[in-house]
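Written out below as structure tokens is the structure these notes cover.
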Amino acid sequence: MSQPMSPPAILCITLNPTLDLSNDVTRIVPTHKMRVRNQRQEVGGGGVNVARLIAEMGGEADVAVLSGGATGTILVEALRALPLGLHIFPIKGSVRIAFMVHEDESGLEYRFVPEGPAVSPLEVEPVMDLVGERRWAYVVASGSLPRGVSSDTYARMARLTAANGGRFVLDASGEALSAAIAEGGIFLFKPSLSELERLVGHGLDIETAAAFAADLVARGVTRYVALTLGEEGALLVGPEGRLLMPAIRVTVRSAVGAGDSFVGAIVWALSKGQDIREAFRFGLAAGAAAVMTEGTELCQRADILKLYGDACAARHEEQAAAWLASA
């Protein structure tokens, strides 16, 4: 009797994790003491959020984090309560605390994210060993690099993943992104429009952004680019062409975790055998579902499936021609 196939192995990497605190306040004013309420605490950082989304969708994911200090103890305890495979690597520094405040009167959200601890190259090497020691179907590197870590860290991870026959998914910015783009070997690259503009050094509209993404694909830097456009939706560019999907209109409560949810849903759908177009639609639905939740709370599976069914699947035939058009 044949054995059931095990799910594809997904490793989500967070080198600069956070404890995310979110609060509500009536009005933000300078100098005065403001009493906040509805404080919520979640574990965060790009890779952690991606793994949480995959788990929420019923998938399986491992998460690798650097953790230290008293805040690291809290982080690890919270992670152990989640249905994730854990790889905890100790550092001397303390895990950072990010702080978000929602102002009731304006509806605006203020986010304060510290740079985090300095990390030595030796403290990162065990993570590299984890990436290279087995064949991960997907390695997702998401979020900022800690201070002291070489800018080519994600580029090295892409190289190790490709050498083992896996797919490397990148959501980063700044020097770490530039180094990874120079190296290539990426399966999926998820920038926002502003991140892409910083990469090229000037402003972009949708057409020029699509042309730049198509050039990355043509040169073999990445197989796919999933570009998030905020209220304009998202654009998928690959060797088959391009697909522009409009944003799903929902009531926005918080933007925290929307990009990570977008990436997580794409990887989850791909791991379940969906083609890239359907995975992209799941990503769009997850990003919309994420902004419906308050503070640092991630989206709910039921919301993702409903948004996918209502707003994405119904436009399948309408959008198919755009995907087949030449990039």
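Ligands are numbered from 1 in the order shown, residues from 1 within each chain, and chains are lettered A, B, ... in the order they appear in the structure tokens.
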For this session: Apply DSSP to the backbone of this structure and, from segment 20-242 of chain A, keep only the residues in strand (DSSP E); write these as a PyMOL selection string.
Result: chain A and resi 20-25+37-44+62-67+85-90+96-103+109-112+138-142+167-171+186-189+222-228+234-238+241-242
Contacts of segment 148-165 of chain A at 7 Å (only C-alpha atoms; same-chain gap of 4+ positions) as a PDB file with all heavy atoms, in the first residue's frame:
ATOM      1  N   ALA A 118      21.736  44.265  17.588  1.00  0.00           N
ATOM      2  CA  ALA A 118      22.849  43.934  16.698  1.00  0.00           C
ATOM      3  C   ALA A 118      23.091  42.427  16.775  1.00  0.00           C
ATOM      4  O   ALA A 118      22.983  41.815  17.836  1.00  0.00           O
ATOM      5  CB  ALA A 118      24.100  44.695  17.114  1.00  0.00           C
ATOM      6  N   VAL A 119      23.392  41.839  15.649  1.00  0.00           N
ATOM      7  CA  VAL A 119      23.600  40.390  15.553  1.00  0.00           C
ATOM      8  C   VAL A 119      24.934  40.139  14.858  1.00  0.00           C
ATOM      9  O   VAL A 119      25.245  40.764  13.841  1.00  0.00           O
ATOM     10  CB  VAL A 119      22.450  39.722  14.771  1.00  0.00           C
ATOM     11  CG1 VAL A 119      22.734  38.248  14.516  1.00  0.00           C
ATOM     12  CG2 VAL A 119      21.130  39.889  15.528  1.00  0.00           C
ATOM     13  N   SER A 120      25.707  39.219  15.390  1.00  0.00           N
ATOM     14  CA  SER A 120      27.012  38.920  14.801  1.00  0.00           C
ATOM     15  C   SER A 120      26.864  37.909  13.660  1.00  0.00           C
ATOM     16  O   SER A 120      25.895  37.139  13.625  1.00  0.00           O
ATOM     17  CB  SER A 120      27.950  38.345  15.865  1.00  0.00           C
ATOM     18  OG  SER A 120      27.575  37.013  16.194  1.00  0.00           O
ATOM     19  N   PRO A 121      27.809  37.890  12.723  1.00  0.00           N
ATOM     20  CA  PRO A 121      27.758  36.897  11.645  1.00  0.00           C
ATOM     21  C   PRO A 121      27.712  35.464  12.169  1.00  0.00           C
ATOM     22  O   PRO A 121      27.030  34.605  11.590  1.00  0.00           O
ATOM     23  CB  PRO A 121      29.047  37.159  10.867  1.00  0.00           C
ATOM     24  CG  PRO A 121      29.349  38.608  11.108  1.00  0.00           C
ATOM     25  CD  PRO A 121      28.913  38.862  12.523  1.00  0.00           C
ATOM     26  N   MET A 128      21.812  29.598   8.345  1.00  0.00           N
ATOM     27  CA  MET A 128      22.292  29.185   7.025  1.00  0.00           C
ATOM     28  C   MET A 128      22.401  27.660   6.949  1.00  0.00           C
ATOM     29  O   MET A 128      22.047  27.047   5.937  1.00  0.00           O
ATOM     30  CB  MET A 128      23.649  29.825   6.739  1.00  0.00           C
ATOM     31  CG  MET A 128      23.597  31.318   6.525  1.00  0.00           C
ATOM     32  SD  MET A 128      22.659  31.725   5.036  1.00  0.00           S
ATOM     33  CE  MET A 128      22.817  33.517   5.072  1.00  0.00           C
ATOM     34  N   VAL A 131      18.999  26.173   6.402  1.00  0.00           N
ATOM     35  CA  VAL A 131      18.530  26.337   5.020  1.00  0.00           C
ATOM     36  C   VAL A 131      19.192  25.315   4.107  1.00  0.00           C
ATOM     37  O   VAL A 131      18.544  24.725   3.227  1.00  0.00           O
ATOM     38  CB  VAL A 131      18.817  27.766   4.519  1.00  0.00           C
ATOM     39  CG1 VAL A 131      18.476  27.900   3.028  1.00  0.00           C
ATOM     40  CG2 VAL A 131      18.029  28.790   5.329  1.00  0.00           C
ATOM     41  N   GLY A 132      20.488  25.087   4.308  1.00  0.00           N
ATOM     42  CA  GLY A 132      21.229  24.247   3.388  1.00  0.00           C
ATOM     43  C   GLY A 132      21.242  22.774   3.696  1.00  0.00           C
ATOM     44  O   GLY A 132      21.612  21.963   2.838  1.00  0.00           O
ATOM     45  N   ARG A 135      16.264  19.610   1.804  1.00  0.00           N
ATOM     46  CA  ARG A 135      15.522  20.182   0.685  1.00  0.00           C
ATOM     47  C   ARG A 135      14.196  20.740   1.183  1.00  0.00           C
ATOM     48  O   ARG A 135      13.250  19.992   1.441  1.00  0.00           O
ATOM     49  CB  ARG A 135      15.256  19.142  -0.406  1.00  0.00           C
ATOM     50  CG  ARG A 135      14.563  19.763  -1.625  1.00  0.00           C
ATOM     51  CD  ARG A 135      14.048  18.709  -2.583  1.00  0.00           C
ATOM     52  NE  ARG A 135      13.440  19.319  -3.759  1.00  0.00           N
ATOM     53  CZ  ARG A 135      12.204  19.822  -3.796  1.00  0.00           C
ATOM     54  NH1 ARG A 135      11.448  19.791  -2.707  1.00  0.00           N
ATOM     55  NH2 ARG A 135      11.720  20.358  -4.908  1.00  0.00           N
ATOM     56  N   VAL A 139      11.492  28.191   0.776  1.00  0.00           N
ATOM     57  CA  VAL A 139      12.126  28.976   1.832  1.00  0.00           C
ATOM     58  C   VAL A 139      11.669  30.411   1.647  1.00  0.00           C
ATOM     59  O   VAL A 139      11.882  31.016   0.584  1.00  0.00           O
ATOM     60  CB  VAL A 139      13.667  28.894   1.777  1.00  0.00           C
ATOM     61  CG1 VAL A 139      14.296  29.851   2.786  1.00  0.00           C
ATOM     62  CG2 VAL A 139      14.147  27.465   2.036  1.00  0.00           C
ATOM     63  N   ALA A 141      12.001  34.168   2.959  1.00  0.00           N
ATOM     64  CA  ALA A 141      12.782  35.129   3.732  1.00  0.00           C
ATOM     65  C   ALA A 141      12.039  36.460   3.692  1.00  0.00           C
ATOM     66  O   ALA A 141      11.865  37.050   2.622  1.00  0.00           O
ATOM     67  CB  ALA A 141      14.185  35.289   3.158  1.00  0.00           C
ATOM     68  N   GLU A 175      19.351  47.337   1.115  1.00  0.00           N
ATOM     69  CA  GLU A 175      20.562  46.686   0.636  1.00  0.00           C
ATOM     70  C   GLU A 175      20.397  45.169   0.533  1.00  0.00           C
ATOM     71  O   GLU A 175      20.972  44.536  -0.361  1.00  0.00           O
ATOM     72  CB  GLU A 175      21.739  47.021   1.553  1.00  0.00           C
ATOM     73  CG  GLU A 175      22.155  48.487   1.521  1.00  0.00           C
ATOM     74  CD  GLU A 175      23.361  48.761   2.397  1.00  0.00           C
ATOM     75  OE1 GLU A 175      23.888  47.803   3.004  1.00  0.00           O
ATOM     76  OE2 GLU A 175      23.774  49.917   2.474  1.00  0.00           O
ATOM     77  N   ALA A 176      19.641  44.583   1.454  1.00  0.00           N
ATOM     78  CA  ALA A 176      19.418  43.135   1.397  1.00  0.00           C
ATOM     79  C   ALA A 176      18.703  42.742   0.115  1.00  0.00           C
ATOM     80  O   ALA A 176      19.020  41.723  -0.510  1.00  0.00           O
ATOM     81  CB  ALA A 176      18.613  42.686   2.614  1.00  0.00           C
ATOM     82  N   ALA A 179      21.174  43.182  -2.963  1.00  0.00           N
ATOM     83  CA  ALA A 179      22.134  42.086  -3.045  1.00  0.00           C
ATOM     84  C   ALA A 179      21.480  40.812  -3.572  1.00  0.00           C
ATOM     85  O   ALA A 179      22.077  40.084  -4.373  1.00  0.00           O
ATOM     86  CB  ALA A 179      22.759  41.832  -1.676  1.00  0.00           C
ATOM     87  N   ALA A 180      20.257  40.539  -3.135  1.00  0.00           N
ATOM     88  CA  ALA A 180      19.565  39.340  -3.594  1.00  0.00           C
ATOM     89  C   ALA A 180      19.214  39.443  -5.072  1.00  0.00           C
ATOM     90  O   ALA A 180      19.323  38.459  -5.816  1.00  0.00           O
ATOM     91  CB  ALA A 180      18.308  39.110  -2.760  1.00  0.00           C
ATOM     92  N   GLU A 183      22.214  38.719  -7.133  1.00  0.00           N
ATOM     93  CA  GLU A 183      22.555  37.295  -7.134  1.00  0.00           C
ATOM     94  C   GLU A 183      21.604  36.482  -7.997  1.00  0.00           C
ATOM     95  O   GLU A 183      22.015  35.560  -8.707  1.00  0.00           O
ATOM     96  CB  GLU A 183      22.528  36.765  -5.695  1.00  0.00           C
ATOM     97  CG  GLU A 183      22.794  35.289  -5.558  1.00  0.00           C
ATOM     98  CD  GLU A 183      24.263  34.943  -5.657  1.00  0.00           C
ATOM     99  OE1 GLU A 183      25.095  35.848  -5.442  1.00  0.00           O
ATOM    100  OE2 GLU A 183      24.574  33.781  -5.973  1.00  0.00           O
ATOM    101  N   GLY A 185      18.363  33.805  -8.756  1.00  0.00           N
ATOM    102  CA  GLY A 185      17.968  32.513  -8.202  1.00  0.00           C
ATOM    103  C   GLY A 185      16.723  32.560  -7.352  1.00  0.00           C
ATOM    104  O   GLY A 185      16.479  31.660  -6.541  1.00  0.00           O
ATOM    105  N   ILE A 186      15.896  33.580  -7.526  1.00  0.00           N
ATOM    106  CA  ILE A 186      14.674  33.768  -6.739  1.00  0.00           C
ATOM    107  C   ILE A 186      13.497  33.153  -7.501  1.00  0.00           C
ATOM    108  O   ILE A 186      13.403  33.270  -8.724  1.00  0.00           O
ATOM    109  CB  ILE A 186      14.430  35.263  -6.477  1.00  0.00           C
ATOM    110  CG1 ILE A 186      15.626  35.874  -5.735  1.00  0.00           C
ATOM    111  CG2 ILE A 186      13.141  35.492  -5.704  1.00  0.00           C
ATOM    112  CD1 ILE A 186      15.633  37.385  -5.720  1.00  0.00           C
TER     113      ILE A 186
END
Exercise. As a ChimeraX atom specification, which residues of segment 89-260 of chain A does DSSP assign to helix (DSSP H, G or I)?
Worked result: /A:121-132,153-163,174-183,193-200,206-218,230-232,258-260
Excluding segment 277-286 of chain A and any residue of its chain fewer than 4 positions from it, enumerate the residues within 9 Å of it, using only C-alpha atoms, and give them as a PDB file with C-alpha atoms, in the first residue's frame.
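New file around27.pdb:
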ATOM      1  CA  LEU A  53      -0.965  32.612   7.892  1.00  0.00           C
ATOM      2  CA  ALA A 226       4.072  39.812  -7.237  1.00  0.00           C
ATOM      3  CA  THR A 228       1.428  45.040  -4.377  1.00  0.00           C
ATOM      4  CA  GLY A 233      -4.605  46.034  -6.274  1.00  0.00           C
ATOM      5  CA  ALA A 234      -1.662  43.852  -7.261  1.00  0.00           C
ATOM      6  CA  LEU A 235       0.279  42.857 -10.372  1.00  0.00           C
ATOM      7  CA  LEU A 236       1.730  39.429 -11.142  1.00  0.00           C
ATOM      8  CA  LEU A 243      -2.017  39.679 -14.511  1.00  0.00           C
ATOM      9  CA  MET A 245      -5.996  42.315 -10.246  1.00  0.00           C
ATOM     10  CA  PRO A 246      -7.960  45.182  -8.709  1.00  0.00           C
ATOM     11  CA  ALA A 247      -8.035  45.604  -4.948  1.00  0.00           C
ATOM     12  CA  ILE A 248     -10.830  43.887  -3.049  1.00  0.00           C
ATOM     13  CA  ALA A 258      -1.233  42.667   5.053  1.00  0.00           C
ATOM     14  CA  GLY A 259       1.893  42.107   2.953  1.00  0.00           C
ATOM     15  CA  SER A 261      -0.566  37.606   4.660  1.00  0.00           C
ATOM     16  CA  PHE A 262      -0.373  38.164   0.891  1.00  0.00           C
ATOM     17  CA  VAL A 263       2.901  36.220   0.701  1.00  0.00           C
ATOM     18  CA  GLY A 264       1.740  33.498   3.084  1.00  0.00           C
ATOM     19  CA  ALA A 265      -1.416  32.789   1.127  1.00  0.00           C
ATOM     20  CA  ILE A 266       0.490  32.566  -2.157  1.00  0.00           C
ATOM     21  CA  VAL A 267       2.981  30.071  -0.714  1.00  0.00           C
ATOM     22  CA  TRP A 268       0.215  28.079   0.979  1.00  0.00           C
ATOM     23  CA  ALA A 269      -1.790  27.840  -2.257  1.00  0.00           C
ATOM     24  CA  LEU A 270       1.278  26.837  -4.283  1.00  0.00           C
ATOM     25  CA  ALA A 290      -5.739  41.188   6.915  1.00  0.00           C
ATOM     26  CA  VAL A 291      -6.716  44.858   6.779  1.00  0.00           C
ATOM     27  CA  CYS A 299      -6.606  37.487   9.024  1.00  0.00           C
ATOM     28  CA  GLN A 300      -9.015  34.613   9.461  1.00  0.00           C
ATOM     29  CA  ARG A 301      -9.297  31.619   7.131  1.00  0.00           C
ATOM     30  CA  ASP A 303     -12.596  35.676   5.579  1.00  0.00           C
ATOM     31  CA  ILE A 304      -9.919  34.708   3.052  1.00  0.00           C
ATOM     32  CA  LEU A 305     -12.035  31.961   1.517  1.00  0.00           C
ATOM     33  CA  LYS A 306     -15.091  34.201   1.324  1.00  0.00           C
ATOM     34  CA  LEU A 307     -13.190  37.074  -0.301  1.00  0.00           C
ATOM     35  CA  TYR A 308     -11.516  34.676  -2.707  1.00  0.00           C
ATOM     36  CA  GLY A 309     -14.836  33.172  -3.697  1.00  0.00           C
ATOM     37  CA  ALA A 311     -14.245  38.775  -5.520  1.00  0.00           C
ATOM     38  CA  CYS A 312     -11.498  36.686  -7.122  1.00  0.00           C
ATOM     39  CA  ALA A 313     -12.847  33.445  -8.549  1.00  0.00           C
ATOM     40  CA  HIS A 316     -11.286  34.191 -13.380  1.00  0.00           C
ATOM     41  CA  ALA A 320      -7.356  35.042 -17.967  1.00  0.00           C
ATOM     42  CA  TRP A 323      -2.343  36.774 -18.066  1.00  0.00           C
TER      43      TRP A 323
END
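Between atom CA of Val127 of chain A and atom CA of Phe89 of chain A the separation is 7.5 Å.
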For this session: Rank nothing, just name the residue among A:Gly59, A:Gly220, A:Gly45, A:Gly107 nearest to Leu79 of chain A, using only C-alpha atoms.
Result: A:Gly45
